[in-house]
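With TSV, C-alpha atoms inside, this is query.tsv:
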chain	number	residue	atom	x	y	z
A	1	MET	CA	13.91	-29.32	-24.59
A	2	ASN	CA	10.54	-27.79	-25.37
A	3	ASN	CA	10.60	-26.82	-29.03
A	4	ALA	CA	6.99	-27.35	-30.05
A	5	GLY	CA	5.36	-24.19	-31.29
A	6	ILE	CA	2.64	-23.03	-33.63
A	7	SER	CA	2.24	-19.69	-35.37
A	8	PRO	CA	-1.01	-19.66	-37.35
A	9	LYS	CA	-1.35	-17.57	-40.48
A	10	SER	CA	-4.42	-16.10	-42.15
A	11	GLU	CA	-5.99	-17.88	-45.12
A	12	ALA	CA	-3.85	-15.63	-47.34
A	13	GLY	CA	-0.70	-16.73	-45.48
A	14	ASP	CA	-0.22	-13.42	-43.64
A	15	ARG	CA	0.51	-12.88	-39.95
A	16	MET	CA	-2.56	-12.67	-37.75
A	17	ASP	CA	-2.70	-9.48	-35.69
A	18	SER	CA	-4.47	-8.80	-32.40
A	19	MET	CA	-7.59	-7.53	-34.18
A	20	SER	CA	-8.08	-10.52	-36.48
A	21	THR	CA	-7.01	-13.54	-34.42
A	22	PRO	CA	-10.05	-15.54	-33.26
A	23	LEU	CA	-10.18	-16.53	-29.59
A	24	ASP	CA	-10.03	-20.26	-30.37
A	25	VAL	CA	-6.74	-19.66	-32.23
A	26	TRP	CA	-5.35	-17.85	-29.17
A	27	HIS	CA	-6.34	-20.84	-27.01
A	28	GLY	CA	-4.68	-23.31	-29.37
A	29	VAL	CA	-1.46	-21.32	-29.59
A	30	PHE	CA	-1.18	-20.94	-25.81
A	31	GLN	CA	-2.02	-24.62	-25.29
A	32	VAL	CA	0.95	-25.70	-27.43
A	33	ASN	CA	3.42	-22.86	-26.84
A	34	VAL	CA	2.94	-22.23	-23.09
A	35	PHE	CA	0.91	-24.88	-21.30
A	36	ALA	CA	2.47	-27.96	-22.92
A	37	PRO	CA	6.05	-27.10	-21.87
A	38	VAL	CA	5.17	-26.64	-18.19
A	39	MET	CA	2.91	-29.69	-18.08
A	40	LEU	CA	5.59	-31.87	-19.68
A	41	ALA	CA	8.29	-30.61	-17.33
A	42	ARG	CA	6.04	-31.12	-14.30
A	43	ALA	CA	5.29	-34.68	-15.42
A	44	LEU	CA	9.02	-35.37	-15.73
A	45	ILE	CA	10.20	-33.71	-12.51
A	46	GLU	CA	11.25	-36.96	-10.80
A	47	PRO	CA	13.43	-38.26	-13.64
A	48	LEU	CA	14.82	-34.74	-14.11
A	49	GLN	CA	15.80	-34.64	-10.43
A	50	GLN	CA	17.32	-38.12	-10.50
A	51	GLY	CA	19.30	-37.49	-13.68
A	52	ASN	CA	20.54	-33.99	-12.88
A	53	GLY	CA	18.29	-32.84	-15.71
A	54	THR	CA	17.86	-29.49	-17.35
A	55	VAL	CA	14.87	-27.96	-19.12
A	56	VAL	CA	15.42	-25.68	-22.12
A	57	ASN	CA	12.41	-23.82	-23.47
A	58	VAL	CA	12.53	-22.41	-26.98
A	59	THR	CA	11.05	-18.91	-27.02
A	60	SER	CA	11.53	-16.48	-29.92
A	61	ILE	CA	12.74	-13.04	-30.81
A	62	ALA	CA	9.05	-12.39	-31.53
A	63	GLY	CA	8.41	-12.59	-27.78
A	64	SER	CA	10.28	-9.34	-27.18
A	65	ARG	CA	9.53	-7.25	-30.27
A	66	VAL	CA	6.95	-6.95	-33.03
A	67	HIS	CA	7.93	-9.32	-35.80
A	68	GLU	CA	7.02	-8.81	-39.43
A	69	PHE	CA	5.98	-12.43	-39.99
A	70	ALA	CA	5.05	-13.89	-36.58
A	71	GLY	CA	1.46	-13.44	-35.48
A	72	THR	CA	0.30	-11.72	-32.32
A	73	ALA	CA	-0.82	-14.89	-30.52
A	74	TYR	CA	2.54	-16.53	-31.27
A	75	ALA	CA	4.48	-13.48	-30.05
A	76	ALA	CA	2.42	-13.19	-26.87
A	77	SER	CA	2.81	-16.91	-26.18
A	78	LYS	CA	6.58	-16.73	-26.55
A	79	ALA	CA	6.71	-13.72	-24.20
A	80	ALA	CA	4.67	-15.77	-21.74
A	81	LEU	CA	7.08	-18.70	-22.14
A	82	SER	CA	9.97	-16.35	-21.33
A	83	ALA	CA	8.28	-15.36	-18.07
A	84	LEU	CA	7.34	-18.97	-17.39
A	85	THR	CA	10.99	-19.97	-17.84
A	86	ARG	CA	11.99	-17.63	-15.02
A	87	GLU	CA	9.19	-18.91	-12.78
A	88	MET	CA	10.10	-22.52	-13.53
A	89	ALA	CA	13.78	-21.77	-12.85
A	90	SER	CA	12.81	-20.68	-9.35
A	91	ASP	CA	10.40	-23.56	-8.71
A	92	PHE	CA	12.41	-26.35	-10.33
A	93	GLY	CA	15.74	-24.95	-9.12
A	94	LYS	CA	14.70	-25.75	-5.55
A	95	ARG	CA	14.59	-29.35	-6.72
A	96	GLY	CA	18.02	-29.20	-8.36
A	97	VAL	CA	16.69	-28.85	-11.92
A	98	ARG	CA	17.83	-25.87	-13.99
A	99	VAL	CA	15.44	-24.19	-16.45
A	100	ASN	CA	16.65	-21.85	-19.19
A	101	ALA	CA	15.50	-20.69	-22.60
A	102	ILE	CA	16.86	-19.77	-25.96
A	103	ALA	CA	15.26	-17.08	-28.11
A	104	PRO	CA	16.10	-17.74	-31.75
A	105	GLY	CA	15.80	-15.05	-34.36
A	106	GLU	CA	15.86	-15.88	-38.05
A	107	ILE	CA	17.08	-19.45	-38.54
A	108	LEU	CA	17.44	-21.20	-41.90
A	109	THR	CA	14.78	-23.92	-41.79
A	110	GLY	CA	12.13	-25.33	-44.07
A	111	ILE	CA	9.36	-23.37	-42.34
A	112	LEU	CA	10.57	-19.89	-43.27
A	113	THR	CA	7.91	-17.63	-44.71
A	114	PRO	CA	8.64	-16.95	-48.39
A	115	GLY	CA	10.34	-13.57	-48.73
A	116	SER	CA	11.46	-13.45	-45.11
A	117	GLU	CA	15.16	-13.69	-45.91
A	118	GLU	CA	15.09	-10.58	-48.11
A	119	ALA	CA	12.91	-8.70	-45.62
A	120	MET	CA	14.74	-9.64	-42.41
A	121	LEU	CA	18.41	-9.76	-43.42
A	122	PRO	CA	18.95	-5.97	-43.13
A	123	SER	CA	17.91	-6.12	-39.44
A	124	ILE	CA	20.60	-8.69	-38.53
A	125	PRO	CA	23.98	-7.11	-37.69
A	126	LEU	CA	25.88	-10.31	-38.52
A	127	GLY	CA	24.34	-10.18	-42.00
A	128	ARG	CA	23.04	-13.75	-42.19
A	129	PHE	CA	20.43	-16.11	-40.84
A	130	GLY	CA	21.44	-18.58	-38.16
A	131	THR	CA	21.63	-22.33	-38.66
A	132	SER	CA	19.83	-25.10	-36.83
A	133	GLU	CA	23.28	-26.38	-35.81
A	134	GLU	CA	23.97	-23.09	-33.99
A	135	VAL	CA	20.67	-23.40	-32.16
A	136	ALA	CA	21.39	-27.04	-31.24
A	137	GLU	CA	24.87	-26.16	-29.96
A	138	THR	CA	23.41	-23.43	-27.74
A	139	ILE	CA	20.90	-25.88	-26.29
A	140	PHE	CA	23.69	-28.42	-25.77
A	141	PHE	CA	25.71	-25.78	-23.91
A	142	LEU	CA	22.79	-25.00	-21.59
A	143	CYS	CA	22.41	-28.71	-20.82
A	144	ASN	CA	26.13	-29.17	-20.21
A	145	GLU	CA	28.05	-29.10	-16.92
A	146	SER	CA	29.82	-25.92	-18.03
A	147	ALA	CA	26.46	-24.13	-17.71
A	148	GLY	CA	25.81	-25.67	-14.30
A	149	TYR	CA	25.25	-22.33	-12.58
A	150	ILE	CA	23.05	-20.84	-15.30
A	151	ASN	CA	19.40	-20.93	-14.27
A	152	GLY	CA	16.55	-18.70	-15.45
A	153	ALA	CA	18.48	-17.26	-18.39
A	154	GLU	CA	17.25	-16.64	-21.92
A	155	LEU	CA	20.02	-16.70	-24.52
A	156	HIS	CA	19.40	-14.77	-27.73
A	157	VAL	CA	20.51	-16.74	-30.80
A	158	ASN	CA	19.89	-14.15	-33.49
A	159	GLY	CA	23.05	-12.57	-34.82
A	160	GLY	CA	22.33	-9.36	-32.91
A	161	GLN	CA	18.86	-8.91	-34.38
A	162	HIS	CA	17.50	-8.10	-30.91
A	163	VAL	CA	19.76	-5.08	-30.38

As structure tokens, please, write out the structure in this file.
Amino acid sequence: MNNAGISPKSEAGDRMDSMSTPLDVWHGVFQVNVFAPVMLARALIEPLQQGNGTVVNVTSIAGSRVHEFAGTAYAASKAALSALTREMASDFGKRGVRVNAIAPGEILTGILTPGSEEAMLPSIPLGRFGTSEEVAETIFFLCNESAGYINGAELHVNGGQHV
């Protein structure tokens, strides 16, 4: 599972938009959020093949819509990781390794931006934030035999926030 991700904020703690994000920040975000997952999976292809392995990339709802708190570089990197997941599913699938992704929305964790719960809750049809347990169970499902024919999918774990 590739869950590493960075979403830099401005010095004031605000999201960084496409006009204000320095190029070196873009490079750093893409290095962690896009390049690291594919390089790690490539390095592990033999054990993945031998162990009937599965790769699960963690994208984000921010990769498919403008998000009030996630910065532009983060959002673009997660959209790229979504596309990369499909490409990897094709390439790795030929070697018997499935590649899928989950796209979490608002999840109750310690890294939530202050005020995000009040701001984001009205946009979630189920009326609550998700839990890390729900995310983990979705990843477990994708790694399980019952998902053995799922390859190249991106499951939205967001209470309907993406609709």

Using all atoms listed in the file, pick whichever of A:Thr54, A:Asn158, A:Ser20, A:Asn33 has the shortest atom-to-atom distance to Ala79 in chain A.
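Nearest to Ala79 in chain A: A:Asn33.
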
Show me, as a list in words, the residues that have an atom within 9 Å of Thr72 in chain A when counting all atoms listed in the file, minus same-chain residues fewer than 5 positions from it.
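In the requested format, the answer is Ser7, Arg15, Met16, Asp17, Ser18, Thr21, Trp26, Ala62, Val66, His67 and Ser77 of chain A.
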
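Counting all atoms listed in the file, the residue from A:Ile124, A:Ile107, A:Cys143, A:Ala80 that sits nearest to Val38 in chain A is A:Ala80.
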
For Ala103 in chain A, which of A:Met120, A:Leu81, A:Ile150, A:Leu155 is the closest residue, counting all atoms listed in the file?
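Closest to Ala103 in chain A, using all atoms listed in the file: A:Leu155.
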
Report the distance between CA of Val135 in chain A and CA of Pro104 in chain A in Å, rounded to one decimal place.
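So the two atoms, CA of Val135 in chain A and CA of Pro104 in chain A, lie 7.3 Å apart.
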
For CA of Gln31 in chain A and CA of Ala73 in chain A, quote the distance in Å rounded to one decimal.
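Here the two named atoms are 11.1 Å from each other.
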
Return range 52-76 of chain A, completed with N, CA and C atoms, as an mmCIF file, in the coordinates of the input.
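Printed below is part_39.cif as written:
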data_model
loop_
_atom_site.group_PDB
_atom_site.id
_atom_site.type_symbol
_atom_site.label_atom_id
_atom_site.label_comp_id
_atom_site.auth_asym_id
_atom_site.auth_seq_id
_atom_site.Cartn_x
_atom_site.Cartn_y
_atom_site.Cartn_z
ATOM 1 N N ASN A 52 19.899 -35.302 -12.792
ATOM 2 C CA ASN A 52 20.540 -33.990 -12.880
ATOM 3 C C ASN A 52 20.118 -33.275 -14.161
ATOM 4 N N GLY A 53 18.824 -33.333 -14.445
ATOM 5 C CA GLY A 53 18.290 -32.840 -15.710
ATOM 6 C C GLY A 53 18.203 -31.327 -15.808
ATOM 7 N N THR A 54 17.995 -30.901 -17.013
ATOM 8 C CA THR A 54 17.860 -29.490 -17.350
ATOM 9 C C THR A 54 16.707 -29.339 -18.335
ATOM 10 N N VAL A 55 15.945 -28.285 -18.185
ATOM 11 C CA VAL A 55 14.870 -27.960 -19.120
ATOM 12 C C VAL A 55 15.314 -26.755 -19.933
ATOM 13 N N VAL A 56 15.156 -26.834 -21.247
ATOM 14 C CA VAL A 56 15.420 -25.680 -22.120
ATOM 15 C C VAL A 56 14.151 -25.415 -22.918
ATOM 16 N N ASN A 57 13.575 -24.247 -22.705
ATOM 17 C CA ASN A 57 12.410 -23.820 -23.470
ATOM 18 C C ASN A 57 12.873 -23.003 -24.666
ATOM 19 N N VAL A 58 12.200 -23.178 -25.783
ATOM 20 C CA VAL A 58 12.530 -22.410 -26.980
ATOM 21 C C VAL A 58 11.482 -21.307 -27.122
ATOM 22 N N THR A 59 11.921 -20.070 -26.876
ATOM 23 C CA THR A 59 11.050 -18.910 -27.020
ATOM 24 C C THR A 59 11.261 -18.363 -28.434
ATOM 25 N N SER A 60 11.347 -17.072 -28.589
ATOM 26 C CA SER A 60 11.530 -16.480 -29.920
ATOM 27 C C SER A 60 11.849 -15.008 -29.773
ATOM 28 N N ILE A 61 12.536 -14.483 -30.756
ATOM 29 C CA ILE A 61 12.740 -13.040 -30.810
ATOM 30 C C ILE A 61 11.398 -12.316 -30.880
ATOM 31 N N ALA A 62 10.382 -12.989 -31.419
ATOM 32 C CA ALA A 62 9.050 -12.390 -31.530
ATOM 33 C C ALA A 62 8.411 -12.155 -30.164
ATOM 34 N N GLY A 63 8.938 -12.792 -29.119
ATOM 35 C CA GLY A 63 8.410 -12.590 -27.780
ATOM 36 C C GLY A 63 8.847 -11.284 -27.143
ATOM 37 N N SER A 64 9.787 -10.589 -27.777
ATOM 38 C CA SER A 64 10.280 -9.340 -27.180
ATOM 39 C C SER A 64 10.208 -8.151 -28.130
ATOM 40 N N ARG A 65 9.696 -8.358 -29.333
ATOM 41 C CA ARG A 65 9.530 -7.250 -30.270
ATOM 42 C C ARG A 65 8.517 -7.643 -31.340
ATOM 43 N N VAL A 66 7.891 -6.662 -31.953
ATOM 44 C CA VAL A 66 6.950 -6.950 -33.030
ATOM 45 C C VAL A 66 7.731 -7.527 -34.199
ATOM 46 N N HIS A 67 7.240 -8.625 -34.721
ATOM 47 C CA HIS A 67 7.930 -9.320 -35.800
ATOM 48 C C HIS A 67 7.072 -9.264 -37.055
ATOM 49 N N GLU A 68 7.703 -9.011 -38.150
ATOM 50 C CA GLU A 68 7.020 -8.810 -39.430
ATOM 51 C C GLU A 68 6.214 -10.027 -39.890
ATOM 52 N N PHE A 69 6.631 -11.225 -39.498
ATOM 53 C CA PHE A 69 5.980 -12.430 -39.990
ATOM 54 C C PHE A 69 5.258 -13.232 -38.913
ATOM 55 N N ALA A 70 5.672 -13.115 -37.664
ATOM 56 C CA ALA A 70 5.050 -13.890 -36.580
ATOM 57 C C ALA A 70 3.767 -13.206 -36.130
ATOM 58 N N GLY A 71 2.741 -13.982 -35.912
ATOM 59 C CA GLY A 71 1.460 -13.440 -35.480
ATOM 60 C C GLY A 71 1.453 -13.013 -34.023
ATOM 61 N N THR A 72 0.427 -12.256 -33.668
ATOM 62 C CA THR A 72 0.300 -11.720 -32.320
ATOM 63 C C THR A 72 0.174 -12.807 -31.269
ATOM 64 N N ALA A 73 -0.651 -13.819 -31.513
ATOM 65 C CA ALA A 73 -0.820 -14.890 -30.520
ATOM 66 C C ALA A 73 0.496 -15.625 -30.307
ATOM 67 N N TYR A 74 1.231 -15.871 -31.383
ATOM 68 C CA TYR A 74 2.540 -16.530 -31.270
ATOM 69 C C TYR A 74 3.487 -15.668 -30.437
ATOM 70 N N ALA A 75 3.572 -14.387 -30.763
ATOM 71 C CA ALA A 75 4.480 -13.480 -30.050
ATOM 72 C C ALA A 75 4.122 -13.410 -28.566
ATOM 73 N N ALA A 76 2.842 -13.264 -28.267
ATOM 74 C CA ALA A 76 2.420 -13.190 -26.870
ATOM 75 C C ALA A 76 2.711 -14.497 -26.138
#
